[in-house]
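Some notes on the structure that comes next.
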Amino acid sequence: VLQLVHNGLQLRGQVLQLPESVAHAGCLAFVGSPWVTDLKTLEGLGLTLADFAIHDPVTEFVLLLQTRDMALDDAQVLARKLEQERAELREVAAMQSVQIEVSEALARAEDEGHAAQALLDAVCGGLDFDLGELWLEDGQGGTVRKHSCNTHCDPTIERFLEASKFLRLSRGESIVGRVLDTGDPVTSEDVSRDPGFVRAGIALEAGLRAGLAVP
């Protein structure tokens, strides 16, 4: 195998000594053809399959590799699609499981307080949320206060919960107040960096990041 320095082209063949009957008798001649493994390499070298001899097996080899690569690409696309569909099915199954658990929990609840607690526990447990809080209007001019939270919280969140005990939020204040103001769900990718989130500093200490508030 020989390789050209200026463009990296590899040539595969053999070295022959010219017979006495031809010009330059006794000289050595290299007889070969380009050695490539894909069509992109051919294009980069400015060659096409037509530049190969008809009997050269490289052309069939390149086409075979090209067919294999296309099949592998199709298989990878299919695998990614199947993985995405599996992920979507897992999400749907998780949501259905949460809905069933919420329904059963609410049916067992003795009063409104127990129902709220059961709802938060079911949603946070089923969707793997670190913390869930229920905020209700307190009848004092459009403000809300925390009513309850899920029972299985990490100890690092306790300070965050303490800061919420006597907190009242007005319309448009923090993500909860924004829901009260618009009636639409509100998300925050990182509440610790959200300038409108009242408990941002404590959220950072507690390791809380993404936030979701729904009416």
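Labels for the structure tokens follow display order: chains A, B, ..., residues from 1 in each chain, ligands from 1.
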
Report as a ChimeraX atom specification: the residues of chain A with a DSSP assignment of strand (DSSP E), based on the backbone of this structure. /A:2-3,10-17,28-34,133-137,143-149,168-170,186-188,211-213

Sel. of alpha helix (DSSP H) residues, stretch 8-164 of chain A, as a PyMOL selection string: chain A and resi 39-44+58-108+112-127+158-164

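Across the model, the gap from atom CA of A:Leu64 to atom CA of A:His6 is 28.2 Å.
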
Which one is closest to A:Leu136: A:Leu39, A:Val214, A:Ala109, A:Val62? Count only C-alpha atoms. A:Val214

Set the distance at 8 Å and use only C-alpha atoms: which residues neighbour stretch 205-211 of chain A once local chain neighbours fewer than 4 positions away are removed? I'd like the list as a short mmCIF file (atom, residue, chain, number, x, y, z; two decimals) with N, CA and C atoms, in the first residue's frame.
```cif
data_model
loop_
_atom_site.label_atom_id
_atom_site.label_comp_id
_atom_site.auth_asym_id
_atom_site.auth_seq_id
_atom_site.Cartn_x
_atom_site.Cartn_y
_atom_site.Cartn_z
N ASP A 130 -39.63 16.56 44.50
CA ASP A 130 -39.04 16.71 45.84
C ASP A 130 -40.01 17.38 46.81
N THR A 156 -33.42 18.42 54.16
CA THR A 156 -32.78 19.65 53.70
C THR A 156 -33.80 20.70 53.26
N ILE A 157 -35.05 20.28 53.09
CA ILE A 157 -36.09 21.20 52.63
C ILE A 157 -36.83 21.84 53.81
N ARG A 159 -36.06 23.96 56.14
CA ARG A 159 -35.94 25.41 56.29
C ARG A 159 -36.79 26.14 55.25
N PHE A 160 -36.85 25.58 54.06
CA PHE A 160 -37.68 26.16 53.00
C PHE A 160 -39.15 26.12 53.42
N THR A 187 -44.09 27.88 34.84
CA THR A 187 -42.91 27.06 35.11
C THR A 187 -41.69 27.97 35.29
N SER A 188 -40.71 27.45 36.00
CA SER A 188 -39.43 28.14 36.17
C SER A 188 -38.33 27.09 36.12
N GLU A 189 -37.37 27.25 35.22
CA GLU A 189 -36.30 26.26 35.09
C GLU A 189 -35.41 26.22 36.33
N ASP A 190 -35.25 27.36 36.99
CA ASP A 190 -34.41 27.41 38.20
C ASP A 190 -34.96 28.51 39.11
N VAL A 191 -35.73 28.11 40.12
CA VAL A 191 -36.34 29.10 41.00
C VAL A 191 -35.30 29.86 41.81
N SER A 192 -34.13 29.25 42.02
CA SER A 192 -33.09 29.93 42.80
C SER A 192 -32.50 31.11 42.03
N GLY A 201 -33.27 32.38 47.68
CA GLY A 201 -32.07 32.06 48.44
C GLY A 201 -32.21 30.77 49.23
#
```

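Among the candidates A:Ile100, A:Ala25, A:Ala75, A:Val36, the one nearest to A:Arg12 when counting only C-alpha atoms is A:Val36.
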